[in-house]
Structure formats: structure tokens, C-alpha cells
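These notes are about the structure you will find just below.
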Amino acid sequence: MSCFRQGTYRHGPLLLAVFVMLLMASPGNARDIKSEKLLAGKSATASLSATDPVVGYARHSQGNMQLIIRNNGTFGSEWDNVWDPLTGERWESCVYPKNSDLIYLYVCALWIGAVVGRDTLVSCGTEDMYCSYEFWPDIQPFGDPQYQSIDPTSQYYSEEAYSEQDILCEFTDTLDNLGLTNTWWCDGATPHTPLNIKVSQRSMAWSYDYADDFILFDYQIENIGTQRLSQVYMGIWLDGCAFHVTRAWYRYWTDDIVGFYRTHPADGDCGFLDTINIAYHADNDGDPDEETGEWTDFSPKSVVGVRVVRTPADSLRYSFNWWIMNYDDPTRDFGPRQRGTEEDPFRDFGTRLGTPVGDENRYYILRHDEFDYDLLTVALDHSDSGRGWLPPPEDAEMYATGFDVRYLLSFGPFEINPGEKLPISFAWVGGENFHVEPSDFESFNPYWPSDFYNKLNFSELASNSRWASWIYDNPGVDTDGDGDSGQYRVCCYDTTVTDTGLVLSACDTTWYQGDGVPDFRGASPPPAPKLWIESQVGSLRIRFNGTRSETTRDPFSGVPDFEGYRVYIGRDDRLPSLSVVASYDRENFNKHVWNGAVDAFELIDLPFTREELQQLYGDPIGADDFDPLFYTSTNPFFHPQFPDSLFYFTTQDYNQSELGVTTPIRKVYPDQPYPSSLHPDSARPEDLTEEGYLKYFEYELILENLLPTIPYYVNVTVFDFGSPRMDLDPLETSVLNGLEIGYALTPAEAVEEQNLKVFVYPNPYRSDARYEMEGFENRDGTEAADRMRRIHFANLPRVCKISIYSIDGDLVREIDHYYPEGGPHAMHDTWNLITRNTQAAVSGLYYWVVESDQGTQMGKLVIIR
């Protein structure tokens with residue numbers, strides 16, 4: 001769902017006590033506008049009337065990135081206080097990886113500049129001074145962000161969707177009201193002159209393993225005015241950061257590095273290079289622990305960046321510029337600049353060298369054909385490089401180690417006539433493990449930065465950047481049917497000698513570029529099964545129905561590509577905490593066929609069942625003693641009946657296919673025949689469960705010997721067998737999406753039927769009992785010490801009110817427990833030891849009262865600090 005807040009751009013009182021540290025002076029940038037606004041906790045714009053537009057918030061959370069989207073030409077929150085309207089969870093600007101609480105963005109904004117008549121104009125989502133907000137949506141509800149999804153089970157399902165989670169926004173630059181387009185802290189603001197453009201924005205996210213580390217943005221930019229927009233340039237402006245949410249201190253967001261990464265070695269050993277062309281930013285060292293020097297969960301080791309994947313023409317010019325803004329002393333402002341020439345005179349930005357202030361300066365930097373060197377190299381003298389760079393700044397050594405820096409990736413020119421629309425697409429991409437060793441930055445030398453740069457790992461960023469471009473335009477797919485499927489490479493490597501002396505070479509054919517027609521789609525795993533968790537004391541029953549998982553056809557192969565299920569369990573919702581406890585996959589085999597044209601074995605066909613192989617290659621035909629795994633790459637199958645064929649077999653996954661035997665997963669209805677219809681509405685009544693699902697596809701797994709007092713995070717994923725012709729490995733649904741929380745306690749329904757007594761634990765609660773160190777509290781390390789504590793209430797009815805009183809009878813806290821539909825944690829709730837006055841509860845004796853339709857129960861609890 002979307003979350004809307006009127007006129008609230010700037011920072012609320014997030015961790016206000018912690019941010020008192022921000023008042024400490026910072027080298028070279030004594031005044032920090034981010035800190036001031038954060039401490040002020042005020043809105044950016046003036047008070048708005050009921051007829052003014054309202055900025056809406058939505059969030060991508062489908063993949064490995066959690067990113068805030070706004071309908072005003074920006075994404076990221078600028079650290080505004082944004083809360084999930086359903087769960088009350090705080091939304092951070094950009095969290096990567098998912099649920100890590102590692103933040104990689106302050107804000108990113110769209111800049112569009114053009115010549116209109118005799119005027120040079122730029123409209124921007126926001127800019128360095130955070131004075132201008134020049135794109136606005138329609139009034140509510142017409143301008144609210146909208147969700148769409150390709151998932152038929154989603155409430156946002158739409159045949160017009162492209163991804164599992166599309167977010168659609170529209171905004172224009174047509175407002176010129178200073179109360180809207182300019183912020184209250186900026187003196188002498190000039191009126192905004194519109195370009196008269198409307199922007200339709202669609203951002204897209206997927207959970208698939210190969211596509212969950214990026215979000216694609218697609219724009220349609222329309223000239224809704226009456227004048228032609230000439231020499232149009234578009235830019236993506238970014239103010240980044242990289243820190244853990246508990247370390248939102250000045251020194252953690254003023255040590256970032258930026259740069260531009262052009263190419264990366266392609267897969268294989270043939271020396272091919274893939275074009276990456278991504279502007280990136282990251283923390284300078286990944287923030288290893290200051291005491292141990294090791295990586296921790298608080299270390300932002302990843303990198304994020306922007307890659308343009310579509311522009312209106314192939315012949316456009318690109319520019320990459322970065323700068324460091326000094327709010328107090330404009331003369332110490334810096335950004336790489338080239339000396340002017342007679343053909344391209346140097347443009348004086350006034351008192352600032354790097355930061356473009358005002359429309360004319362912003363348009364200049366949008367259009368100026370310049371690619372800045374990386375921040376890490378700023379202390380080197382580039383003036384003799386032949387490109388005419390100005391000498392390094394006075395503070396170059398300090399800047400090279402990382403700073404609070406912005407960048408702009410821009411391209412153009414193009415023309416937009418009245419009524420015309422132009423398409424633009426780019427990807428917001430992440431890459432994990434950018435920083436490799438915690439000690440890599442310790443010996444950084446600003447005059448020899450290559451030693452450190454060569455230790456950085458761009459491989460995951462490059463791989464995800466490639467996939468983003470391939471999702472935009474699928475390689476090897478002739479989208480428009482003109483016979484062009486893109487471009488491919490052939491790479492040959494390795495040779496092996498068979499037992500018969502035959503020399504075999506291995507070659508790979510790889511499509512690396514599409515046909516130039518947008519696809520915005522990729523291969524997907526089957527839909528995840530419907531999941532239920534049923535609790536008992538000491539155990540959880542995992543029940544799931546895979547009707548859609550096993551029968552949905554793959555959009556590329558046209559056949560159902562279901563392969564199996566995996567059951568995961570963990571103690572929290574972070575990916576490293578989740579482990580496979582059981583799996584099931586069909587018994588099938590891959591057939592690797594010798595291709596003499598490329599002198600290599602190739603996997604072309606879909607997997608075969610054992611019965612199919614027995615019918616094809618058994619001797620006699622159909623003999624059940626045919627063993628596919630007898631034939632290997634060094635002992636391939638050869639038979640006179642198939643003189644032109646040479647092949648061998650491997651298992652597809654692990655072939656754990658005997659339910660209840662080789663896997664603890666079993667069918668709930670083992671004797672149920674295949675249904676009369678795959679559509680529940682037309683199936684026979686005896687084919688259906690009480691919930692209306694097909695019995696044949698119903699499975700269960702009992703997880704036993706569980707501790708009843710701790711939460712377990714459970715999910716069931718489904719995976720396919722891949723796409724050999726697309727050179728795509730098997731795909732699995734996201735283990736993080738759809739996680740269910742369960743307690744191995746008596747279910748709430750049984751609590752009510754048996755009128756069981758509520759119990760509280762730990763009781764007494766001891767602050768010296770090492771609950772956090774033992775993993776019972778604050779497992780992800782994101783909560784402050786006085787907010788991480790938990791007292792648990794169990795054996796609760798589904799709906800009740802929990803009241804906690806002091807020994808004097810004063811109400812300390814009231815908790816509404818509301819799970820009318822039941823569920824695996826409907827019998828349980830917690831108190832974080834915070835009073836209704838938002839203070840920490842002190843040591844002492846307290847009374848608790850639980851009121852429900854079943855009656856009232858009372859008890860005591862003790863807190864010892």
C-alpha cells in the first residue's frame with residue numbers, strides 16, 4: 001500500500017538523542033544541511049491547503065532491495081519519517097540487502113533541461129541546496145502512486161503489469177507556486193519556470209534470484225505545452241550514503257566514494273568484455289568493527305549505482321559529473337572541471353567550482369560532454385592527462401578517502417515536440433561484497449589509489465547490471481518478429497579425452513545483447529505455494545498447496561516447469577538466518593548431447609523422467625533396468641541404433657522424489673487421484689479441501705522438538721528446472737517474500753476451548769540475563785538498548801486486551817491483541833518494557849490483566865534492572 005504524508009519532505013526527529021553528535025564540526029564542511037534539517041524535524045514546504053497536491057510514498061520490497069518511491073520525480077526518503085500504513089514499520093530510504101538495515105541512499109532525483117524559445121530551463125525533483133521541488137503529482141487521490149503485479153494471486157494483479165511489483169506515478173513541472181516549489185529555509189528563492197512536461201514513471205521489481213538486485217525505471221516524458229523543447233538533456237542526480245540504521249551519524253555518511261565503471265570481463269576465458277557503464281557509490285571501507293577489525297552485520301560492504309538502459313536515440317552523448325558541496329564556504333566547493341577551450345569555453349559557476357546552482361548552471365552540466373575521474377583519484381594531478389583537467393583542490397587528500405558527495409549521470413540531446421512522448425529507462429542496481437577484506441582500506445594512499453581500487457570487487461555489481469539490461473531487452477529473443485534476435489558470442493575452452501580416445505572440446509554460445517525492442521520481462525519460477533502453519537506445543541505443522549506451482553506454464557517454454565519445493569526455517573527474517581530443513585524434487589534427468597559443430601556437449605532438452613528414458617533407450621525398449629547415471633561425460637551413451645548420437649545424463653537437482661521416504665515432506669491425501677479439473681470452481685467436491693484447494697496438490701511437514709517460547713520464521717519455496725536453451729539456471733521463488741512467523745505453542749483456538757491460563761516469560765525479567773547475547777532479543781542488532789527488551793505473553797485468546805499496572809495501580813501500558821482469524825502466532829504477544837509515556841519501565845513488581853470474551857485473568861511480573 002502507499003503511505004501519504006502532506007508536505008513532509010524533510011527529516012523528523014529520528015534518533016534525536018543520537019544526532020546531537022552531528023553538531024560536532026566536520027572537516028571542510030562545517031555546516032551540514034542534512035544534519036540541520038534532521039535536527040529541526042520540520043517539513044520542507046510551507047503549509048498546504050486541501051486543494052494542493054500531496055506527495056505520496058510507496059515502497060519496493062519484492063526483491064533484495066527495499067526502496068522508497070515518491071511521485072515527485074525522486075526516490076529515496078531524504079530520511080523523512082515514513083511508516084508502513086499496515087504494520088507500523090518504519091520505511092528507510094533504500095535498504096540493501098533486504099532486511100539488513102543497511103542504508104544506501106539519501107535521495108535520487110530526476111533533472112530535465114531544455115531550451116524553450118530563448119530561455120534555458122531545468123526542472124528537477126530536488127537539488128543540492130534542497131530548495132527546489134519542481135515536480136508535483138495531481139491532487140489526491142488522483143495523483144497517488146499505484147501498484148500493479150504480474151502475480152495472479154496479488155491484490156494488485158493486472159494484465160498491464162511487467163513485474164511482480166510495479167509502482168506507477170505521474171507528475172508534472174507545471175506548478176509555479178513558491179510555497180510548493182521552494183522550501184522554507186531558502187532565502188531569495190526564484191520562481192520556477194516550467195518546461196510544461198508530464199512524466200509517467202513505472203518502476204519494476206522482481207524476486208527472482210537473477211533479478212532481485214535491481215529495480216528498473218521506465219519513463220515516458222511528454223511535452224504538454226505549446227512550444228517545442230529543444231536540446232533536451234536528462235539527468236539522474238544522486239545524493240548517496242552508506243551506513244547501518246543504528247549509525248546515522250555524521251561521520252558515517254561523509255565517507256563515501258563515487259565513480260563510473262565502464263566494462264567488466266564476460267563469463268568464460270575468451271577475453272570478452274561486457275559493457276557495464278554504471279555510475280556507482282559506496283562506503284569507502286565498508287565500516288569494519290572498530291575494535292575487532294572484522295566485518296559485522298553493521299558493515300555496508302555493498303555498492304549501488306545507476307545504469308541507463310534506454311534512451312530515445314543511440315547517438316546521444318553521456319556525461320558523468322560529481323561534486324562536493326560546502327554549505328559554509330563556497331570557495332571550498334569542489335568538483336572536477338576541465339579547462340575551457342576556444343570551442344568550449346570554461347563556464348564560471350560563480351563562487352562555487354563544482355556545484356551547479358540555478359537553471360543555467362544545471363543545464364550546462366547536464367549538456368557538457370565530460371566524464372569525471374573517480375573520487376578515489378582526486379589527489380592525483382590529472383592536468384597532464386591530455387583532457388585539460390584543473391589541478392587537484394586544497395583538500396584533495398581528505399576528499400580521496402571519501403566524503404559527502406553527489407553525482408549526476410546525464411545524456412542528450414533530443415527534441416520533444418508538443419504532444420510528443422519520449423521513452424527513457426534506467427536501472428537502480430546493487431552489488432554485494434564490493435569490499436572484500438576488512439583491512440583493505442587501512443593502507444590507502446591517495447597518491448597511489450590503484451592499490452586499493454584493484455581490491456574492490458565489481459563482479460556482482462557488473463553481473464546485476466548486465467541482468468538489468470537483459471531484462472529490459474532479452475538477448476536471443478526476437479521480440480518484434482523481424483528475424484533479429486540480437487548478438488551472441490561463442491567461447492570454446494577445455495578439452496577432455498573419452499575412454500575411447502575421442503577428444504572433446506567444450507564451447508558456450510552466449511547471447512549478450514537483445515534486438516533493441518524493450519521486453520521488461522524475464523524467466524520466472526512457478527508461483528509460490530499457498531502456505532499455512534499450524535502450531536502445537538513443541539511442533540509446527542507446515543501445510544502447503546501447490547496447485548498453481550505445479551501446473552503454471554513457463555512463459556518461454558510453454559510447458560509447466562515445476563521441479564520441487566524447499567522448506568526453510570530460521571530465527572529471524574534475514575536471509576543468512578534461514579536454512580533448508582526439507583526438500584522435494586521430481587525424479588528427472590538432464591541429457592547432454594554431443595554437438596559436432598562446436599565440438600562440445602550441450603544441454604538442449606528439458607529434463608526426462610526415468611520412464612521416458614527407459615522407453616527411448618532401454619534394451620529392450622522399456623526395460624526398467626536402464627540406469628541413466630551409468631553414462632557420464634567420459635563414458636557417454638552410444639548405441640548402433642543411434643549412430644549419430646553421443647550423450648550422457650545427470651540428475652536434475654537431487655531426485656529426492658519419494659515422499660515420506662527420501663524426504664520428510666509427504667502428501668496430506670496420499671490416495672487422492674489426479675483432479676477432474678485444475679480449476680477448483682469446476683472440480684468435483686471430493687477433489688477439494690475445506691479451504692477450496694485441490695487435495696491432490698496438498699503437502700505437509702511436521703517440524704518437531706521446537707522450543708515453544710521463541711518465534712520461528714518459516715517459508716516454502718518452489719523451484720523450476722531452468723531453461724537450457726536460454727542458458728538459465730533453475731529459478732526459485734524468494735524465501736523472504738511470504739515468510740510466516742510461528743510459535744510452537746498451544747494454538748489460540750485450543751486456548752479458548754480449554755480456557756487455558758495465560759503465562760508470562762521471562763518472569764522475572766532480568767536485564768543482566770544476557771538475553772540479547774543468547775539470541776532471544778534484538779537478533780538483527782537494529783534496536784536501541786532500551787527498546788530491544790521483550791516480555792512475552794502466551795496462551796492468549798485471539799482477541800484480547802493486555803493491561804499492565806504498577807503496584808500502585810497506575811496504568812503502565814495497554815496492548816490490543818487482535819487476531820480474529822487466528823494463525824500461528826495468535827496465541828502470543830510481547831511488551832517491550834516501554835510505558836505508555838514512552839519511558840523505560842523501572843525495576844519493580846507489576847500486575848498484568850488480560851480481558852477477553854472468555855473472561856479476565858490477572859497475574860504478576862517482576863522487572864529487575
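In the C-alpha cells, chains take the letters A, B, ... in the order shown, each chain's residues start at 1, and ligands count up from 1 in the order shown.
Neighbours of A:Tyr512 closer than or equal to 9 Å, with only C-alpha atoms counted and sequence neighbours fewer than 2 positions away skipped, come out as Asp274, Arg466, Trp470, Asn474, Pro475, Gly476, Gly486, Gln487, Tyr488, Arg489, Thr510 and Gly514 of chain A.
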All strand (DSSP E or B) positions in stretch 438-527 of chain A, as a ChimeraX atom specification: /A:487-497,503-513
A:Gly76 environment, 9 Å, only C-alpha atoms, sequence neighbours closer than 2 positions dropped, as a list in words: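 What passes the distance filter is Leu67, Ile68, Ile69, Arg70, Thr74, Glu78, Trp79, Glu92, Ser93, Cys94, Leu105, Tyr106, Val107, Cys108 and Ala109 of chain A.
By chain and then residue number, the residues within 6 Å of A:Asp256 are Ala282, Asp283, Asn284, Gly402 and Phe403 of chain A, counting only C-alpha atoms and disregarding those fewer than 6 positions away in sequence.
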I need the chosen residues saved as a tab-separated table (two decimals), in the first residue's frame, with N, CA and C atoms.
```
chain	number	residue	atom	x	y	z
A	282	ALA	N	29.54	4.03	-2.91
A	282	ALA	CA	29.69	3.03	-1.85
A	282	ALA	C	30.38	3.69	-0.66
A	283	ASP	N	30.36	3.01	0.48
A	283	ASP	CA	31.17	3.43	1.60
A	283	ASP	C	32.65	3.25	1.25
A	284	ASN	N	33.51	4.06	1.86
A	284	ASN	CA	34.92	3.99	1.48
A	284	ASN	C	35.60	2.70	1.93
A	402	GLY	N	37.10	9.61	0.88
A	402	GLY	CA	35.65	9.51	0.97
A	402	GLY	C	35.05	10.76	1.58
A	403	PHE	N	33.87	11.16	1.04
A	403	PHE	CA	33.25	12.39	1.53
A	403	PHE	C	31.75	12.34	1.24
```
Kindly assemble as CSV a list of the stretch 739-815 of chain A residues that lie within 8 Å of stretch 237-255 of chain A, each paired with its nearest atom pair and their distance in Å to one decimal, using only C-alpha atoms, sorted first by chain and then by ascending residue number.
```
residue,atom,partner,partner_atom,distance
A:Thr782,CA,A:Thr246,CA,6.1
A:Glu783,CA,A:Thr246,CA,7.6
A:Ala784,CA,A:Thr246,CA,7.8
```
Gap from atom CA of A:Ser203 to atom CA of A:Phe217 - Å, one decimal: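 Computed distance, atom CA of A:Ser203 to atom CA of A:Phe217, equals 4.3 Å.
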Contacts of A:Asn277 within 7 Å, only C-alpha atoms, excl. fewer than 6 positions in-chain, as a list in words: Phe260, Tyr261, Arg262, Thr263 and Arg307 of chain A
Which of stretch 374-474 of chain A fall in alpha helix (DSSP H), as a list in words: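 DSSP on the backbone gives alpha helix (DSSP H) at Ala396, Glu397, Met398, Tyr399, Ala400, Ser450, Asp451, Phe452, Tyr453, Ser459, Glu460, Leu461, Ala462, Ser463, Asn464, Ser465, Arg466, Trp467, Ala468, Ser469, Trp470, Ile471 and Tyr472 of chain A.
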Separation of atom CA of A:Gly271 from atom CA of A:Asp599 in Å: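 Calculated distance between atom CA of A:Asp599 and atom CA of A:Gly271 is 20.0 Å.
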Surrounding residues of A:Val308 excluding itself and chain neighbours under 3 positions, 8 Å, only C-alpha atoms, as a PyMOL selection string: chain A and resi 277-278+311+425-427
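Atom CA of A:Pro708 is positioned 6.1 Å from atom CA of A:Val537.
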Surrounding residues of stretch 653-670 of chain A excluding itself and chain neighbours under 2 positions, 7 Å, only C-alpha atoms, as a PyMOL selection string: chain A and resi 582-588+651+672+695-696+698-701
Residue among A:Asn321, A:Ile471, A:Asp780, A:Pro137 lying closest to A:Thr296, counting only C-alpha atoms: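 Of A:Asn321, A:Ile471, A:Asp780, A:Pro137, the one nearest A:Thr296, counting only C-alpha atoms, is A:Asp780.
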Report as JSON lines the residues of stretch 92-120 of chain A within 8 Å of stretch 571-576 of chain A, each with its shortest atom pair and distance in Å (one decimal), using only C-alpha atoms, ordered by chain and increasing residue number.
```
{"residue": "A:Lys98", "atom": "CA", "partner": "A:Arg574", "partner_atom": "CA", "distance": 7.5}
{"residue": "A:Asn99", "atom": "CA", "partner": "A:Arg574", "partner_atom": "CA", "distance": 5.9}
{"residue": "A:Ser100", "atom": "CA", "partner": "A:Arg574", "partner_atom": "CA", "distance": 6.9}
```
Closest of A:Ser535, A:Ser469, A:Ser852, A:Gln754 to A:Phe214 - atom-to-atom distances counting only C-alpha atoms: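 Closest to A:Phe214 of all the choices is A:Ser469.
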